[in-house]
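Participant: Below is a structure I'd like to ask you about.
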Amino acid sequence: MSEKDHLRGASTKRPNVEDLVFKISNTDGIILEYFGPKNFLSNKIIGSTLYSLIGLSNHQELLSLLKQGNSPIVSYLKKQITLESRFYKMKLIETSQEQVLAILEDVTDLVGEKEILLQSEKKFKDVFNSIVDVYYKTNAERKFVIISPSIERISGIKPELFIGKKTSYFIKEEMADEIYEGLEKHGRVEDIRVKVKLADDNQRTFSFNIEAEYDLNKNIIGTNGIIRDITKQELFEQEVIKSEKKFKEIFESISDIYYRSNENGVVQIISPSVEQVTGYKPEEVLGKPESTFHYNKEVQDSMMNHLKEKGNIKNEHGVLIAKNHKLINVSVTSSAYFDDNGEYAGAHGIIRDITKQKKQSRLTRLNKDILEKVAKENDLKEILNFTCLGIEKIFPDMICSVLLYDETNDWLVSGAGPSLPKSYFEAVNEFPVGPSNCSCGTAAYTKELVVVSDIQNDPLWSSAAKLALEANLRACWSVPILSTEQKVLGTFAVYYREVREPLSGELEVVKNIGNLLSIAIESNKN
């Protein structure tokens with residue numbers, strides 16, 4: 001058989017431009033001729049040995065490849081050869097006893113595609129084995145056909161034990177039926193939470209997100225699903241709920257006012273305590289500017305400017321207008337908050353009612369001033385008027401009066417009443433002391449505090465109710481002024497223009513003033 005016949009019978013595939021063809025000596029492996037890209041190798045090919053080019057040790061090793069073929073003439077190299085970063089499959093053809101033809105077929109593209117596929121499969125397998133959540137697939141009979149290894153981590157059950165078993169192997173059958181009903185209706189279910197008691201008696205919570213698979217007739221033939229262990233998440237959510245509930249309880253029970261406003265000073269959040277302090281319900285305050293409730297707009301503007309400039313204010317004093325138009329002294333502690341651009345976006349803080357503290361401070365100052373006047377032996381009438389006006393300034397609703405006791409005639413005479421109507425002030429002069437003689441006459445008689453909240457309907461005032469009502473006086477509380485020897489020196493009374501009960505601390509103020517007037521009157525007598 002000629003060389004040409006050998007070639008024709010040995011190979012039906014024509015080498016492409018990337019294939020390499022070498023004619024070599026059969027005795028020593030020297031390359032006699034080369035057919036292929038001329039720039040294939042930078043070194044000289046003709047004269048070199050083929051076995052060294054393809055990474056073999058000697059020519060005998062190359063010749064042994066001939067014995068691997070399926071005929072005495074043609075042999076294939078089973079492993080791939082790499083030359084110049086490309087992959088080749090080599091075919092050896094013994095053309096004569098002196099020469100061998102070596103054809104290297106370029107299979108780089110095929111190897112590359114296979115490598116990509118293998119890498120892709122490996123990557124998928126790595127992801128599948130390492131995912132934290134559990135991926136699974138079921139068939140039409142609701143049996144597991146695929147489940148990721150992560151199921152063992154969250155359940156303690158090996159994945160192979162799931163394969164072929166129904167979903168009820170993992171969750172209760174009634175829950176599995178409920179999930180399947182949802183799939184039939186909507187095609188998918190999301191965040192279905194199921195509590196599962198595991199083999200170690202630990203109860204854990206799992207979230208299921210499942211999607212149905214359909215055949216051409218829209219029948220469900222299986223499902224794809226994700227199982228996520230949300231036990232920690234659920235515990236966290238429960239703690240958040242508890243925290244929110246606790247915050248709400250605190251928010252609704254605090255006596256101070258918590259508020260939050262936007263960049264324009266419009267109230268966005270207000271605590272329920274606003275009603276206790278101001279009389280306004282929270283819904284009456286929300287959406288309105290803070291300035292609506294501030295008595296002094298300049299003070300409120302100053303607070304806002306300070307917040308914008310410094311970022312906070314601490315214990316700034318202001319005055320709010322209550323729903324009944326009364327003024328409330330408050331202390332404001334607040335912090336500003338800013339947007340991503342550093343622009344002022346609003347403020348939030350605490351408003352504390354300090355009206356009582358303010359009144360107490362002013363009362364302390366008034367007591368000191370009264371005692372100083374007594375020590376300087378000022379005129380008694382001046383001291384009595386100073387006391388009445390001082391109390392009325394601190395408590396604007398009060399109308400004060402002092403009656404002095406005339407022991408000779410057993411009656412009370414006018415001492416001071418700078419804010420009482422003149423006609424009434426003159427009418428109560430020489431008022432008799434007795435067990436049922438209005439508030440002051442009764443107080444002088446019993447030497448006890450007398451509180452009448454409704455003059456018009458109280459039997460103590462039956463003899464003088466008309467006189468009081470004509471002067472627009474509706475309530476009267478009176479305390480006896482007693483000497484150190486417990487003798488009656490007079491009475492101190494406060495009137496109101498509306499029917500009302502005493503508020504917390506008001507009676508203590510009246511009693512304290514009675515004691516101070518006792519010092520003033522006794523000093524004057526001495």
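In the structure tokens, the first chain shown is A, the next is B, and so on; residue numbers restart at 1 for each chain, and ligands run from 1 in the order shown.
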Mind checking which residues fall within 8 Å of segment 409-426 of chain A, counting only C-alpha atoms, ignoring those fewer than 2 positions away in the same chain, and posting them as a list in words?

Facilitator: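 Within the cut-off, the hits are Lys381, Leu384, Asn385, Cys388, Leu389, Ile399, Cys400, Ser401, Val402, Leu403, Leu404, Tyr405, Asp406, Glu407, Val428, Asn429, Glu430, Phe431, Pro432, Val433, Gly441, Leu467, Ala468, Ala471 and Gly490 of chain A.
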
Participant: Could you list, as number ranges by chain, every residue within 8 Å of Ile383 of chain A, counting only C-alpha atoms and ignoring same-chain residues fewer than 6 positions away?

Facilitator: A: 370, 373-374, 520

Participant: Now that the selection is made, can you save its residues with all heavy atoms as an mmCIF file, in the first residue's frame?

Facilitator:
```cif
data_model
loop_
_atom_site.group_PDB
_atom_site.id
_atom_site.type_symbol
_atom_site.label_atom_id
_atom_site.label_comp_id
_atom_site.auth_asym_id
_atom_site.auth_seq_id
_atom_site.Cartn_x
_atom_site.Cartn_y
_atom_site.Cartn_z
ATOM 1 N N ILE A 370 -43.342 89.422 102.815
ATOM 2 C CA ILE A 370 -44.318 89.729 103.881
ATOM 3 C C ILE A 370 -43.618 89.814 105.229
ATOM 4 O O ILE A 370 -43.838 90.757 106.016
ATOM 5 C CB ILE A 370 -45.432 88.659 103.908
ATOM 6 C CG1 ILE A 370 -46.303 88.736 102.644
ATOM 7 C CG2 ILE A 370 -46.312 88.833 105.154
ATOM 8 C CD1 ILE A 370 -47.276 87.585 102.489
ATOM 9 N N LYS A 373 -41.677 92.988 105.642
ATOM 10 C CA LYS A 373 -42.536 94.129 105.948
ATOM 11 C C LYS A 373 -42.974 94.110 107.418
ATOM 12 O O LYS A 373 -43.074 95.151 108.075
ATOM 13 C CB LYS A 373 -43.765 94.136 105.022
ATOM 14 C CG LYS A 373 -43.451 94.517 103.585
ATOM 15 C CD LYS A 373 -44.692 94.587 102.734
ATOM 16 C CE LYS A 373 -44.363 95.022 101.318
ATOM 17 N NZ LYS A 373 -43.844 96.414 101.237
ATOM 18 N N VAL A 374 -43.244 92.893 107.912
ATOM 19 C CA VAL A 374 -43.612 92.777 109.331
ATOM 20 C C VAL A 374 -42.434 93.204 110.204
ATOM 21 O O VAL A 374 -42.597 93.949 111.192
ATOM 22 C CB VAL A 374 -44.037 91.337 109.659
ATOM 23 C CG1 VAL A 374 -44.214 91.162 111.176
ATOM 24 C CG2 VAL A 374 -45.322 90.983 108.935
ATOM 25 N N ALA A 520 -48.269 88.876 111.324
ATOM 26 C CA ALA A 520 -48.387 90.309 111.029
ATOM 27 C C ALA A 520 -49.350 90.997 111.996
ATOM 28 O O ALA A 520 -49.061 92.089 112.512
ATOM 29 C CB ALA A 520 -48.852 90.486 109.583
#
```

Participant: Please provide the set of residues having any atom within 10 Å of segment 232-243 of chain A, restricted to only C-alpha atoms, with same-chain residues fewer than 2 positions apart removed, written as a PDB file with N, CA and C atoms, in the first residue's frame.

Facilitator:
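So the final result, stored in result08.pdb, reads:
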```
ATOM      1  N   ARG A 193     -45.535  30.422  57.687  1.00  0.00           N
ATOM      2  CA  ARG A 193     -44.744  30.088  58.877  1.00  0.00           C
ATOM      3  C   ARG A 193     -45.290  28.832  59.555  1.00  0.00           C
ATOM      4  N   ARG A 204     -38.775  24.769  66.437  1.00  0.00           N
ATOM      5  CA  ARG A 204     -38.237  25.834  65.602  1.00  0.00           C
ATOM      6  C   ARG A 204     -39.308  26.302  64.626  1.00  0.00           C
ATOM      7  N   THR A 205     -39.121  27.509  64.131  1.00  0.00           N
ATOM      8  CA  THR A 205     -40.083  28.097  63.195  1.00  0.00           C
ATOM      9  C   THR A 205     -39.444  28.210  61.827  1.00  0.00           C
ATOM     10  N   PHE A 206     -40.142  27.699  60.802  1.00  0.00           N
ATOM     11  CA  PHE A 206     -39.639  27.734  59.436  1.00  0.00           C
ATOM     12  C   PHE A 206     -40.590  28.537  58.552  1.00  0.00           C
ATOM     13  N   ASP A 229     -35.028  28.852  58.113  1.00  0.00           N
ATOM     14  CA  ASP A 229     -35.158  28.805  59.570  1.00  0.00           C
ATOM     15  C   ASP A 229     -35.240  30.236  60.087  1.00  0.00           C
ATOM     16  N   ILE A 230     -36.417  30.636  60.597  1.00  0.00           N
ATOM     17  CA  ILE A 230     -36.608  32.012  61.069  1.00  0.00           C
ATOM     18  C   ILE A 230     -36.864  32.035  62.571  1.00  0.00           C
ATOM     19  N   LYS A 245     -44.518  47.660  72.535  1.00  0.00           N
ATOM     20  CA  LYS A 245     -45.604  47.718  73.508  1.00  0.00           C
ATOM     21  C   LYS A 245     -45.159  48.468  74.752  1.00  0.00           C
ATOM     22  N   LYS A 246     -43.922  48.166  75.191  1.00  0.00           N
ATOM     23  CA  LYS A 246     -43.383  48.834  76.378  1.00  0.00           C
ATOM     24  C   LYS A 246     -43.237  50.323  76.116  1.00  0.00           C
ATOM     25  N   PHE A 247     -42.702  50.655  74.920  1.00  0.00           N
ATOM     26  CA  PHE A 247     -42.555  52.067  74.561  1.00  0.00           C
ATOM     27  C   PHE A 247     -43.911  52.761  74.532  1.00  0.00           C
ATOM     28  N   LYS A 248     -44.916  52.067  73.974  1.00  0.00           N
ATOM     29  CA  LYS A 248     -46.249  52.651  73.896  1.00  0.00           C
ATOM     30  C   LYS A 248     -46.808  52.904  75.292  1.00  0.00           C
ATOM     31  N   GLU A 249     -46.581  51.926  76.199  1.00  0.00           N
ATOM     32  CA  GLU A 249     -47.065  52.088  77.573  1.00  0.00           C
ATOM     33  C   GLU A 249     -46.398  53.288  78.237  1.00  0.00           C
TER      34      GLU A 249
END
```

Participant: Looking at only C-alpha atoms, which of A:Val488, A:Ile354, A:Val100, A:Ala375 is the one that sits closest to Asn329 of chain A?

Facilitator: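 Among A:Val488, A:Ile354, A:Val100, A:Ala375, it is A:Ile354 that comes nearest to Asn329 of chain A.
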
Participant: Need the shell around Lys358 of chain A: protein/DNA/RNA residues with any atom at most 12 Å away, counting only C-alpha atoms. Skip same-chain ones fewer than 5 positions apart. Format as a list of chain:residue names?

Facilitator: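 Final neighbour list, sorted by chain and number: A:His317, A:Gly318, A:Val319, A:Leu327, A:Ile328, A:Asn329, A:Val330, A:Ser331, A:Arg352, A:Asp353, A:Leu363, A:Thr364, A:Arg365, A:Ile394, A:Phe395.
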
Participant: Give the strand (DSSP E) residues of segment 83-116 of chain A, as assigned by DSSP on the backbone, as a list in words.

Facilitator: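 Answer for segment 83-116 of chain A restricted to strand (DSSP E) is Leu83, Arg86, Phe87, Tyr88, Lys89, Met90, Lys91, Leu92, Ile93, Glu94, Gln99, Val100, Leu101, Ala102, Ile103, Leu104, Glu105 and Asp106 of chain A.
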
Participant: With distances taken over only C-alpha atoms, which residue among A:Asp106, A:Glu84, A:Asp256, A:Glu98 lies nearest Asn26 of chain A?

Facilitator: A:Glu98

Participant: Atom CA of Gly182 of chain A and atom CA of Thr231 of chain A are how many Å apart?

Facilitator: 23.3 Å

Participant: Sort by chain and increasing residue number a table of all residues of segment 112-217 of chain A within 9 Å of segment 225-228 of chain A, each with its closest pair of atoms and their distance in Å to one decimal, counting only C-alpha atoms, and write it as a tab-separated table.

Facilitator:
```
residue	atom	partner	partner_atom	distance
A:Val132	CA	A:Arg228	CA	8.1
A:Asp133	CA	A:Arg228	CA	5.1
A:Val134	CA	A:Ile227	CA	4.9
A:Tyr135	CA	A:Ile226	CA	4.7
A:Tyr136	CA	A:Gly225	CA	5.4
A:Lys137	CA	A:Gly225	CA	6.3
A:Thr138	CA	A:Gly225	CA	8.5
A:Ile151	CA	A:Ile227	CA	8.5
A:Ile154	CA	A:Arg228	CA	8.6
A:Thr205	CA	A:Arg228	CA	8.6
A:Phe206	CA	A:Arg228	CA	5.4
A:Ser207	CA	A:Arg228	CA	5.1
A:Phe208	CA	A:Ile227	CA	4.9
A:Asn209	CA	A:Ile226	CA	5.3
A:Ile210	CA	A:Gly225	CA	4.1
A:Glu211	CA	A:Gly225	CA	6.2
A:Ala212	CA	A:Gly225	CA	8.6
```

Participant: If we count only C-alpha atoms and set the cut-off at 8 Å, which residues sit around Lys166 of chain A, ignoring sequence neighbours fewer than 6 positions away in its own chain? Please answer as a tab-separated table (two decimals) with all heavy atoms, in the first residue's frame.

Facilitator:
```tsv
chain	number	residue	atom	x	y	z
A	141	GLU	N	-46.80	13.80	43.37
A	141	GLU	CA	-47.30	13.09	44.55
A	141	GLU	C	-46.87	13.75	45.86
A	141	GLU	O	-47.02	13.20	46.93
A	141	GLU	CB	-46.81	11.64	44.51
A	141	GLU	CG	-47.33	10.86	43.31
A	141	GLU	CD	-46.70	9.48	43.23
A	141	GLU	OE1	-45.63	9.28	43.86
A	141	GLU	OE2	-47.29	8.61	42.56
A	142	ARG	N	-46.29	14.96	45.72
A	142	ARG	CA	-45.81	15.73	46.87
A	142	ARG	C	-44.65	15.05	47.58
A	142	ARG	O	-44.45	15.19	48.78
A	142	ARG	CB	-46.93	16.01	47.88
A	142	ARG	CG	-48.06	16.86	47.36
A	142	ARG	CD	-48.85	17.40	48.55
A	142	ARG	NE	-50.26	17.16	48.41
A	142	ARG	CZ	-51.16	17.39	49.35
A	142	ARG	NH1	-50.76	17.84	50.51
A	142	ARG	NH2	-52.44	17.15	49.15
A	143	LYS	N	-43.87	14.27	46.83
A	143	LYS	CA	-42.71	13.59	47.40
A	143	LYS	C	-41.45	14.37	47.03
A	143	LYS	O	-41.33	14.89	45.92
A	143	LYS	CB	-42.61	12.15	46.87
A	143	LYS	CG	-43.72	11.25	47.38
A	143	LYS	CD	-43.55	9.83	46.85
A	143	LYS	CE	-44.66	8.91	47.39
A	143	LYS	NZ	-44.53	7.53	46.87
A	144	PHE	N	-40.50	14.42	47.96
A	144	PHE	CA	-39.24	15.11	47.73
A	144	PHE	C	-38.43	14.35	46.68
A	144	PHE	O	-38.22	13.14	46.79
A	144	PHE	CB	-38.42	15.20	49.02
A	144	PHE	CG	-39.01	16.11	50.06
A	144	PHE	CD1	-39.69	15.60	51.16
A	144	PHE	CD2	-38.86	17.49	49.95
A	144	PHE	CE1	-40.22	16.43	52.12
A	144	PHE	CE2	-39.39	18.34	50.92
A	144	PHE	CZ	-40.08	17.81	52.01
```

Participant: Could you please write out, as a PyMOL selection string, every residue of segment 278-503 of chain A that DSSP assigns to alpha helix (DSSP H)?

Facilitator: chain A and resi 278+282-285+297-310+355-375+380-394+422-427+438-446+465-470

Participant: Would you mind reading off the distance between atom CA of Ile513 of chain A and atom CA of Ala444 of chain A, one decimal, in Å?

Facilitator: 15.6 Å

Participant: So that I can see what lies close to Pro480 of chain A, please list as a PyMOL selection string the residues with an atom at most 6 Å from it, counting only C-alpha atoms and leaving out residues fewer than 2 positions away in the same chain.

Facilitator: chain A and resi 443-444+447+491

Participant: What is the atom CA of Thr446 of chain A to atom CA of Gln486 of chain A distance in Å?

Facilitator: 11.6 Å

Participant: At a cut-off of 12 Å, using only C-alpha atoms, what residues contact Val451 of chain A? Leave out same-chain residues fewer than 6 positions from it and give the result as a VMD selection string.

Facilitator: chain A and resid 438 to 440 442 to 443 458 460 to 461 474 to 480 493 to 496 499 to 503 506 to 507 510 to 511

Participant: Write out, as a short mmCIF file (atom, residue, chain, number, x, y, z; two decimals), in the first residue's frame, the residues just selected, with N, CA, C and O atoms.

Facilitator:
```cif
data_model
loop_
_atom_site.label_atom_id
_atom_site.label_comp_id
_atom_site.auth_asym_id
_atom_site.auth_seq_id
_atom_site.Cartn_x
_atom_site.Cartn_y
_atom_site.Cartn_z
N CYS A 438 -71.97 81.97 106.65
CA CYS A 438 -71.12 81.96 105.44
C CYS A 438 -69.78 81.28 105.74
O CYS A 438 -69.64 80.55 106.71
N SER A 439 -68.78 81.56 104.91
CA SER A 439 -67.49 80.87 105.06
C SER A 439 -66.67 81.50 106.19
O SER A 439 -66.14 80.79 107.05
N CYS A 440 -66.57 82.86 106.20
CA CYS A 440 -65.70 83.52 107.16
C CYS A 440 -66.28 83.49 108.58
O CYS A 440 -65.55 83.21 109.54
N THR A 442 -68.30 81.34 109.84
CA THR A 442 -68.23 79.96 110.35
C THR A 442 -66.80 79.59 110.71
O THR A 442 -66.55 78.94 111.72
N ALA A 443 -65.82 80.00 109.90
CA ALA A 443 -64.42 79.69 110.16
C ALA A 443 -63.96 80.34 111.47
O ALA A 443 -63.22 79.73 112.26
N ASP A 458 -75.17 76.23 98.89
CA ASP A 458 -74.66 75.77 100.18
C ASP A 458 -75.45 76.43 101.31
O ASP A 458 -75.59 77.67 101.34
N LEU A 460 -74.72 77.14 104.31
CA LEU A 460 -73.94 78.11 105.10
C LEU A 460 -74.12 79.53 104.57
O LEU A 460 -73.97 80.50 105.32
N TRP A 461 -74.44 79.64 103.27
CA TRP A 461 -74.52 80.96 102.63
C TRP A 461 -75.99 81.39 102.40
O TRP A 461 -76.25 82.33 101.66
N ARG A 474 -68.80 82.87 93.25
CA ARG A 474 -69.49 81.58 93.21
C ARG A 474 -68.96 80.55 94.21
O ARG A 474 -69.65 79.59 94.51
N ALA A 475 -67.75 80.77 94.68
CA ALA A 475 -67.16 79.84 95.65
C ALA A 475 -66.28 80.62 96.61
O ALA A 475 -65.74 81.68 96.27
N CYS A 476 -66.17 80.11 97.86
CA CYS A 476 -65.38 80.82 98.86
C CYS A 476 -64.81 79.84 99.88
O CYS A 476 -65.54 79.04 100.45
N TRP A 477 -63.48 79.93 100.08
CA TRP A 477 -62.83 79.13 101.12
C TRP A 477 -62.23 80.10 102.13
O TRP A 477 -61.61 81.10 101.76
N SER A 478 -62.40 79.78 103.40
CA SER A 478 -61.93 80.69 104.45
C SER A 478 -61.18 79.92 105.53
O SER A 478 -61.58 78.82 105.92
N VAL A 479 -60.06 80.51 105.99
CA VAL A 479 -59.26 79.91 107.04
C VAL A 479 -59.18 80.89 108.22
O VAL A 479 -59.03 82.11 108.00
N PRO A 480 -59.33 80.42 109.48
CA PRO A 480 -59.22 81.34 110.61
C PRO A 480 -57.77 81.78 110.83
O PRO A 480 -56.85 80.99 110.63
N ALA A 493 -59.74 84.80 103.33
CA ALA A 493 -60.65 84.11 102.41
C ALA A 493 -60.22 84.30 100.97
O ALA A 493 -59.65 85.34 100.60
N VAL A 494 -60.50 83.29 100.17
CA VAL A 494 -60.30 83.39 98.71
C VAL A 494 -61.63 83.08 98.04
O VAL A 494 -62.32 82.12 98.39
N TYR A 495 -61.97 83.91 97.06
CA TYR A 495 -63.21 83.75 96.30
C TYR A 495 -62.87 83.35 94.86
O TYR A 495 -61.78 83.65 94.35
N TYR A 496 -63.86 82.72 94.21
CA TYR A 496 -63.73 82.35 92.80
C TYR A 496 -65.00 82.76 92.05
O TYR A 496 -66.09 82.78 92.62
N VAL A 499 -68.04 78.00 90.13
CA VAL A 499 -68.20 76.91 91.09
C VAL A 499 -67.03 75.96 90.89
O VAL A 499 -66.76 75.52 89.78
N ARG A 500 -66.29 75.66 91.96
CA ARG A 500 -65.13 74.79 91.80
C ARG A 500 -64.69 74.20 93.13
O ARG A 500 -64.90 74.76 94.19
N GLU A 501 -64.06 73.01 93.01
CA GLU A 501 -63.46 72.35 94.16
C GLU A 501 -61.98 72.80 94.26
O GLU A 501 -61.39 73.21 93.26
N PRO A 502 -61.39 72.70 95.44
CA PRO A 502 -59.97 73.06 95.57
C PRO A 502 -59.09 72.12 94.75
O PRO A 502 -59.34 70.92 94.69
N LEU A 503 -58.06 72.66 94.11
CA LEU A 503 -57.08 71.84 93.41
C LEU A 503 -55.97 71.46 94.37
O LEU A 503 -55.84 72.04 95.45
N GLU A 506 -53.78 73.92 96.80
CA GLU A 506 -54.35 75.26 96.98
C GLU A 506 -54.74 75.54 98.44
O GLU A 506 -54.54 76.66 98.94
N LEU A 507 -55.27 74.55 99.12
CA LEU A 507 -55.67 74.75 100.52
C LEU A 507 -54.44 74.97 101.40
O LEU A 507 -54.50 75.73 102.38
N VAL A 510 -53.55 78.57 101.21
CA VAL A 510 -54.46 79.40 102.01
C VAL A 510 -54.09 79.32 103.49
O VAL A 510 -54.03 80.33 104.21
N LYS A 511 -53.82 78.09 103.97
CA LYS A 511 -53.45 77.91 105.38
C LYS A 511 -52.12 78.63 105.70
O LYS A 511 -51.97 79.25 106.75
#
```
